[in-house]
There are 2 protein chains.
Amino acid sequence: MLDLTQDVRALTAAIVDIESVSGAEQALADQVERALTALPHLKVDRSGQTIVARTELGRGERVLIAGHLDTVPVAANLPSRVEGDLLYGCGTSDMKAGVAVALKLAATVPVPNRDVTYVFYDCEEIEADRNGLTRLARDHADWLTADFAVLMEPTDGVIEGGCQGTVRAEIVVTGKRAHSARSWFGVNAIHGIEPVLARLNAYQERLPVVDGLEYHEGLNAVGVRGGVAGNVIPDECVVTVNYRFAPDLSIEQAQEHVREVFDSYEVRFVDAASGARPGLTHPVAAAFTAAVGGTPRAKLGWTDVARFSALGVPAVNYGPGDPNLAHQQGEYVSLAKIVDSERAMLAWLAS
Amino acid sequence: MLDLTQDVRALTAAIVDIESVSGAEQALADQVERALTALPHLKVDRSGQTIVARTELGRGERVLIAGHLDTVPVAANLPSRVEGDLLYGCGTSDMKAGVAVALKLAATVPVPNRDVTYVFYDCEEIEADRNGLTRLARDHADWLTADFAVLMEPTDGVIEGGCQGTVRAEIVVTGKRAHSARSWFGVNAIHGIEPVLARLNAYQERLPVVDGLEYHEGLNAVGVRGGVAGNVIPDECVVTVNYRFAPDLSIEQAQEHVREVFDSYEVRFVDAASGARPGLTHPVAAAFTAAVGGTPRAKLGWTDVARFSALGVPAVNYGPGDPNLAHQQGEYVSLAKIVDSERAMLAWLAS
């Protein structure tokens with residue numbers, strides 16, 4: 001059984017050494033469930049390979065601490081190994097160090113100053129419809145009730161608030177086919193995207209401040225396709241654009257903005273995910289930032305905090321891992337940062 | 001055996017009814033060889049499914065009359081059928097009507113006013129390296145010696161002089177990858193093609209007069225590709241352009257022009273084919289245009305006349321078929337135009 005009394009650094013290594021690639025988390029989930037069930041101060045529930053444990057002290061506030069159990073595929077980087085201050089191995093940064101900190105808190109803070117719900121979930125690294133949080137939000141939304149959530153994804157020990165949303169759209173320009181030897185009988189759709197690109201090049205992105213954090217938007221072409229054959233004037237050219245928007249906009253508002261930028265063009269929306277407000281203005285979040293210290297910054301990439309936001313739970317990303325090392329063969333985590341992270345969380349919950 | 005004494009309209013139908021899709025011309029080639037070999041005034045050679053027959057009268061001029069024996073695949077449009085003035089069937093316009101006219105001339109003009117070489121070749125409708133003229137130019141260039149050539153491709157009975165050349169090139173724009181949530185760390189290569197498209201949109205094409213015929217050039221994008229993934233700022237975008245150039249330029253000059261238009265960009269040439277001058281200023285061509293009548297026009301699309309041009313033989317396209325019907329299921333030819341074409345060619349060679 002997982003020994004939750006051992007040092008958080010050793011616990012991290014132990015968890016890393018239980019392989020748990022997305023879809024194959026059962027061994028680790030079983031160990032986590034057994035270790036938490038052994039703790040009398042926690043109520044433990046399970047749904048598939050997702051384990052939820054909570055204190056039920058009747059506090060006025062409840063906070064949620066979450067981490068995913070799965071990793072990207074192993075790349076000849078297991079078992080873990082220590083070099084100086086660094087622990088190497090698949091999932092060290094993303095995000096078993098964060099999971100270890102959460103498990104330590106669960107074990108060592110039986111009477112926290114606010115009620116805590118710990119969530120250890122599966123399938124974060126793969127398609128959204130298999131994601132454990134997606135499933136929980138659908139089947140057991142009550143398990144996720146909280147005033148504030150900390151997702152222990154790697155942030156290098158800095159609080160990253162909320163996340164930006166994303167909208168993808170195809171801008172469609174049409175023309176008229178012709179043989180390229182008699183091009184004047186046609187209308188060249190590829191030539192026709194010049195004004196679309198001009199609008200993208202002239203675009204002034206917003207840097208809005210939301211709940212005290214400055215976000216940084218972007219509107220970019222991420223794909224372009226056009227062409228029928230080497231001797232044909234093409235009758236269609238499609239530019240795929242990606243709008244990353246700050247969490248003061250809804251998906252609908254973001255789509256409306258894209259429509260406005262490309263007014264007079266056909267715009268087909270492809271996919272979308274809402275952002276998440278950082279929620280740092282909430283008192284429980286203020287206590288969290290005071291305990292962790294440092295200057296919170298805005299999260300620009302999309303993360304699972306948006307799933308909490310969709311449930312009405314403000315959420316931040318905060319974890320000891322280094323986001324730049326995620327998904328890399330040479331992934332590692334600083335052992336000192338794991339200890340720092342545990343200390344900060346203890347200061348928040350046990351003081 | 002093919003009866004070359006029958007009316008040219010009936011002969012056309014007879015030839016159409018001998019199926020000869022590219023690569024399967026042997027039955028028709030055999031019939032053509034046998035019919036021509038039976039004519040004592042012709043010397044007949046054969047290479048594969050290509051038949052060459054010539055008069056050897058020691059005239060001061062030699063002209064070449066050529067047609068391909070093959071057709072595109074049959075599309076439930078054989079055997080041929082007549083409706084009013086129209087003969088329907090696969091290959092009627094492209095180009096068995098022209099082949100029939102050439103065979104009639106071969107049979108009925110034993111003593112032409114200039115020596116004549118008749119060329120009936122295979123595999124025109126498919127890849128260039130299987131083309132009978134390509135093979136002949138390589139293995140038997142002497143068989144193709146002439147002062148002037150008439151390629152009896154469908155032109156609706158109008159002389160179309162020479163042909164334009166074609167050059168294709170890739171204009172490569174590079175950038176720097178980044179996550180689209182932090183796009184300012186990258187350089188968007190798709191955005192970077194805006195000036196390339198601006199040059200294409202501003203391009204003023206030449207309409208040069210070459211040997212008395214006005215050509216019409218064009219420089220067009222025929223393809224564009226760029227994009228890595230829906231969340232990545234792309235580091236490369238490639239615009240494929242096609243320059244159709246008048247026959248006063250060589251391939252090298254055409255490529256130099258493309259390089260000039262896109263100076264400061266990486267330009268990769270993909271393929272090229274030279275144009276062909278119409279050669280209508282040659283005396284033997286003048287006699288031809290006088291016999292045929294009408295106003296010659298420039299050929300804009302690329303045809304096999306360029307292969308003659310490459311051998312130093314000026315060449316024109318002239319045939320009774322309708323070029324707009326080529327390769328269509330409902331292909332037909334006007335019987336009256338076949339007769340007109342035979343009459344014009346007789347006036348040129350037998351007067």
# chains A, B, ... in the order shown; residues from 1 in each chain; ligands from 1

call {"tool": "closest_atom_pairs", "arguments": {"of": "chain B", "to": "chain A", "cutoff": "9 Å", "atoms": "only C-alpha atoms", "output": "Markdown table"}}
result
| residue | atom | partner | partner_atom | distance |
| --- | --- | --- | --- | --- |
| B:Gln164 | CA | A:Ala181 | CA | 8.0 |
| B:Thr166 | CA | A:Ala181 | CA | 8.4 |
| B:Arg168 | CA | A:Gly230 | CA | 7.7 |
| B:His179 | CA | A:Gly301 | CA | 8.4 |
| B:Ser180 | CA | A:Asn220 | CA | 7.3 |
| B:Ala181 | CA | A:Gly301 | CA | 5.2 |
| B:Arg182 | CA | A:Leu300 | CA | 7.0 |
| B:Ser183 | CA | A:Gly218 | CA | 6.5 |
| B:Trp184 | CA | A:Gly218 | CA | 8.1 |
| B:Asn188 | CA | A:Ala221 | CA | 7.6 |
| B:Ala189 | CA | A:Ala221 | CA | 8.9 |
| B:Ile190 | CA | A:Ala221 | CA | 6.4 |
| B:His191 | CA | A:Leu197 | CA | 5.6 |
| B:Gly192 | CA | A:Leu197 | CA | 8.3 |
| B:Ile193 | CA | A:Leu197 | CA | 8.0 |
| B:Glu194 | CA | A:Glu194 | CA | 5.5 |
| B:Pro195 | CA | A:Glu194 | CA | 8.1 |
| B:Val196 | CA | A:Glu194 | CA | 8.8 |
| B:Leu197 | CA | A:His191 | CA | 5.6 |
| B:Ala198 | CA | A:Glu194 | CA | 6.6 |
| B:Leu200 | CA | A:His191 | CA | 6.9 |
| B:Asn201 | CA | A:His191 | CA | 6.3 |
| B:His216 | CA | A:Arg182 | CA | 7.9 |
| B:Glu217 | CA | A:Ala181 | CA | 7.6 |
| B:Gly218 | CA | A:Ser183 | CA | 6.4 |
| B:Leu219 | CA | A:Ser183 | CA | 8.4 |
| B:Asn220 | CA | A:Ile233 | CA | 7.3 |
| B:Ala221 | CA | A:Ile190 | CA | 6.4 |
| B:Val222 | CA | A:Gly227 | CA | 5.3 |
| B:Gly223 | CA | A:Gly227 | CA | 4.0 |
| B:Val224 | CA | A:Gly226 | CA | 5.2 |
| B:Arg225 | CA | A:Arg225 | CA | 5.0 |
| B:Gly226 | CA | A:Val224 | CA | 5.3 |
| B:Gly227 | CA | A:Gly223 | CA | 4.0 |
| B:Val228 | CA | A:Val222 | CA | 7.1 |
| B:Ala229 | CA | A:Val222 | CA | 6.7 |
| B:Gly230 | CA | A:Val222 | CA | 5.7 |
| B:Asn231 | CA | A:Val222 | CA | 6.9 |
| B:Val232 | CA | A:Val222 | CA | 6.2 |
| B:Ile233 | CA | A:Val222 | CA | 5.8 |
| B:Pro234 | CA | A:Val222 | CA | 6.2 |
| B:Cys237 | CA | A:Val224 | CA | 8.3 |
| B:Val239 | CA | A:Ile190 | CA | 8.9 |
| B:Thr240 | CA | A:Gly230 | CA | 8.1 |
| B:Val241 | CA | A:Gly230 | CA | 8.3 |
| B:Asn242 | CA | A:Gly230 | CA | 7.2 |
| B:Tyr243 | CA | A:Ser180 | CA | 8.5 |
| B:Arg244 | CA | A:Ala181 | CA | 6.0 |
| B:Phe245 | CA | A:Ala181 | CA | 8.9 |
| B:Leu300 | CA | A:Ala181 | CA | 5.8 |
| B:Gly301 | CA | A:Ala181 | CA | 5.3 |
| B:Trp302 | CA | A:Ala181 | CA | 7.9 |

call {"tool": "residues_around", "arguments": {"residues": "Arg114 in chain B", "least_positions_apart": "6", "cutoff": "12 Å", "atoms": "only C-alpha atoms", "output": "ChimeraX atom specification"}}
result
/B:54-64,146-148,284,287-288,346,348-351

call {"tool": "write_last_selection", "arguments": {"atoms": "N, CA, C and O atoms", "output": "short mmCIF file (atom, residue, chain, number, x, y, z; two decimals), in the first residue's frame"}}
result
data_model
loop_
_atom_site.label_atom_id
_atom_site.label_comp_id
_atom_site.auth_asym_id
_atom_site.auth_seq_id
_atom_site.Cartn_x
_atom_site.Cartn_y
_atom_site.Cartn_z
N ARG B 54 5.49 8.51 -95.39
CA ARG B 54 5.94 9.75 -96.06
C ARG B 54 5.99 9.56 -97.57
O ARG B 54 6.22 8.45 -98.08
N THR B 55 5.78 10.68 -98.24
CA THR B 55 6.06 10.73 -99.68
C THR B 55 7.54 11.09 -99.80
O THR B 55 8.11 11.77 -98.94
N GLU B 56 8.15 10.62 -100.90
CA GLU B 56 9.57 10.92 -101.10
C GLU B 56 9.74 11.38 -102.54
O GLU B 56 10.28 10.68 -103.40
N LEU B 57 9.22 12.59 -102.79
CA LEU B 57 9.18 13.15 -104.15
C LEU B 57 10.34 14.11 -104.39
O LEU B 57 10.49 14.63 -105.49
N GLY B 58 11.14 14.36 -103.37
CA GLY B 58 12.27 15.28 -103.53
C GLY B 58 11.83 16.74 -103.65
O GLY B 58 12.53 17.57 -104.22
N ARG B 59 10.65 17.06 -103.09
CA ARG B 59 10.19 18.46 -103.11
C ARG B 59 11.13 19.33 -102.27
O ARG B 59 11.84 18.83 -101.38
N GLY B 60 11.07 20.63 -102.50
CA GLY B 60 11.92 21.56 -101.74
C GLY B 60 11.44 21.75 -100.31
O GLY B 60 12.19 22.25 -99.45
N GLU B 61 10.19 21.40 -100.04
CA GLU B 61 9.62 21.56 -98.70
C GLU B 61 9.01 20.24 -98.25
O GLU B 61 8.50 19.48 -99.07
N ARG B 62 9.05 20.04 -96.93
CA ARG B 62 8.36 18.88 -96.36
C ARG B 62 7.47 19.37 -95.21
O ARG B 62 7.93 20.13 -94.35
N VAL B 63 6.23 18.96 -95.23
CA VAL B 63 5.33 19.29 -94.13
C VAL B 63 4.93 18.01 -93.41
O VAL B 63 4.98 16.92 -93.99
N LEU B 64 4.56 18.17 -92.15
CA LEU B 64 4.22 17.02 -91.32
C LEU B 64 2.79 17.19 -90.82
O LEU B 64 2.40 18.28 -90.38
N ALA B 146 10.98 18.20 -90.76
CA ALA B 146 9.98 18.89 -91.60
C ALA B 146 10.20 20.40 -91.49
O ALA B 146 10.92 20.87 -90.61
N ASP B 147 9.59 21.13 -92.44
CA ASP B 147 9.67 22.60 -92.39
C ASP B 147 8.51 23.20 -91.60
O ASP B 147 8.57 24.37 -91.18
N PHE B 148 7.46 22.42 -91.41
CA PHE B 148 6.25 22.95 -90.79
C PHE B 148 5.38 21.75 -90.42
O PHE B 148 5.39 20.73 -91.12
N VAL B 284 5.76 28.33 -96.10
CA VAL B 284 4.88 27.17 -96.22
C VAL B 284 3.67 27.31 -95.30
O VAL B 284 2.58 26.81 -95.61
N ALA B 287 1.14 29.65 -96.97
CA ALA B 287 0.32 28.92 -97.94
C ALA B 287 -0.77 28.14 -97.22
O ALA B 287 -1.91 28.06 -97.69
N PHE B 288 -0.43 27.61 -96.07
CA PHE B 288 -1.41 26.85 -95.29
C PHE B 288 -2.53 27.76 -94.81
O PHE B 288 -3.72 27.43 -94.98
N LEU B 346 -6.77 19.68 -98.73
CA LEU B 346 -6.56 19.34 -100.15
C LEU B 346 -6.13 20.58 -100.92
O LEU B 346 -5.23 20.51 -101.78
N TRP B 348 -4.50 22.99 -99.89
CA TRP B 348 -3.12 23.33 -99.53
C TRP B 348 -2.12 22.41 -100.21
O TRP B 348 -1.08 22.82 -100.73
N LEU B 349 -2.45 21.09 -100.25
CA LEU B 349 -1.45 20.10 -100.68
C LEU B 349 -1.59 19.65 -102.13
O LEU B 349 -0.62 19.17 -102.73
N ALA B 350 -2.81 19.81 -102.68
CA ALA B 350 -3.04 19.21 -104.00
C ALA B 350 -3.21 20.25 -105.09
O ALA B 350 -3.36 19.91 -106.27
N SER B 351 -3.18 21.52 -104.74
CA SER B 351 -3.48 22.54 -105.75
C SER B 351 -2.23 22.83 -106.58
O SER B 351 -1.13 22.51 -106.19
#

call {"tool": "residues_around", "arguments": {"residues": "His327 in chain B", "least_positions_apart": "2", "cutoff": "7 Å", "atoms": "only C-alpha atoms", "output": "ChimeraX atom specification"}}
result
/B:72,325,329

call {"tool": "residues_around", "arguments": {"residues": "Gly186 in chain A", "least_positions_apart": "6", "cutoff": "6 Å", "atoms": "only C-alpha atoms", "output": "list of chain:residue names"}}
result
A:Lys176, A:Arg177, A:Ala178

call {"tool": "write_last_selection", "arguments": {"atoms": "N, CA, C and O atoms", "output": "short mmCIF file (atom, residue, chain, number, x, y, z; two decimals), in the first residue's frame"}}
result
data_model
loop_
_atom_site.label_atom_id
_atom_site.label_comp_id
_atom_site.auth_asym_id
_atom_site.auth_seq_id
_atom_site.Cartn_x
_atom_site.Cartn_y
_atom_site.Cartn_z
N LYS A 176 -14.11 31.05 -58.79
CA LYS A 176 -14.70 30.34 -59.94
C LYS A 176 -13.58 29.59 -60.64
O LYS A 176 -12.55 30.18 -60.97
N ARG A 177 -13.78 28.31 -60.87
CA ARG A 177 -12.75 27.50 -61.52
C ARG A 177 -12.55 27.90 -62.97
O ARG A 177 -13.47 28.32 -63.65
N ALA A 178 -11.32 27.71 -63.44
CA ALA A 178 -11.01 27.89 -64.85
C ALA A 178 -9.69 27.17 -65.10
O ALA A 178 -8.97 26.83 -64.16
#

call {"tool": "residues_around", "arguments": {"residues": "range 116-122 of chain B", "least_positions_apart": "5", "cutoff": "7 Å", "atoms": "only C-alpha atoms", "output": "list in words"}}
result
Ser22, Glu25, Gln49, Thr50, Ile51, Val52, Ala53, Arg54, Thr55, Arg62, Val63, Leu64, Ile65, Ala66, Gly67, His68, Leu69, Asp70, Asn131, Gly132 and Leu133 of chain B

call {"tool": "closest_residue", "arguments": {"among": "B:Thr92, B:Val339, B:Ile159, B:Val333", "to": "Ala290 in chain B", "atoms": "only C-alpha atoms"}}
result
B:Ile159

call {"tool": "residues_around", "arguments": {"residues": "Pro323 in chain A", "least_positions_apart": "5", "cutoff": "8 Å", "atoms": "only C-alpha atoms", "output": "JSON, numbers by chain"}}
result
{"A": [93, 94, 153, 154, 155, 156]}

call {"tool": "write_last_selection", "arguments": {"atoms": "C-alpha atoms", "output": "PDB file, in the first residue's frame"}}
result
ATOM      1  CA  SER A  93       6.216  17.309 -13.542  1.00  0.00           C
ATOM      2  CA  ASP A  94       2.882  16.549 -15.197  1.00  0.00           C
ATOM      3  CA  GLU A 153      -1.015  21.129 -12.816  1.00  0.00           C
ATOM      4  CA  PRO A 154       2.632  22.194 -13.255  1.00  0.00           C
ATOM      5  CA  THR A 155       3.020  25.970 -12.938  1.00  0.00           C
ATOM      6  CA  ASP A 156       6.535  26.098 -11.514  1.00  0.00           C
TER       7      ASP A 156
END

call {"tool": "select_by_dssp", "arguments": {"residues": "range 63-259 of chain A", "states": "alpha helix (DSSP H)", "output": "VMD selection string"}}
result
chain A and resid 97 to 108 132 to 139 194 to 202 251 to 259

call {"tool": "residues_around", "arguments": {"residues": "Leu86 in chain A", "least_positions_apart": "5", "cutoff": "8 Å", "atoms": "only C-alpha atoms", "output": "count of residues only"}}
result
4

call {"tool": "select_by_dssp", "arguments": {"residues": "range 96-161 of chain B", "states": "strand (DSSP E)", "output": "MDAnalysis selection string"}}
result
chainID B and resid 115:121 148:151 160:161

call {"tool": "closest_residue", "arguments": {"among": "A:Gln328, A:Thr5, A:Ser264, A:Thr281", "to": "Ile171 in chain A", "atoms": "only C-alpha atoms"}}
result
A:Ser264

call {"tool": "atom_distance", "arguments": {"atom1": "CA of Leu207 in chain A", "atom2": "CA of Ala246 in chain A"}}
result
8.1 Å

call {"tool": "closest_residue", "arguments": {"among": "B:Arg307, B:Met345, B:Thr71, B:Asp7", "to": "Ala24 in chain B", "atoms": "only C-alpha atoms"}}
result
B:Thr71

call {"tool": "closest_residue", "arguments": {"among": "B:Arg206, B:Arg268, B:Arg135, B:Lys104", "to": "Val173 in chain B", "atoms": "only C-alpha atoms"}}
result
B:Arg268

call {"tool": "atom_distance", "arguments": {"atom1": "CA of Leu213 in chain A", "atom2": "CA of Asp340 in chain A"}}
result
23.4 Å

call {"tool": "atom_distance", "arguments": {"atom1": "CA of Ser20 in chain A", "atom2": "CA of Thr134 in chain A"}}
result
18.9 Å
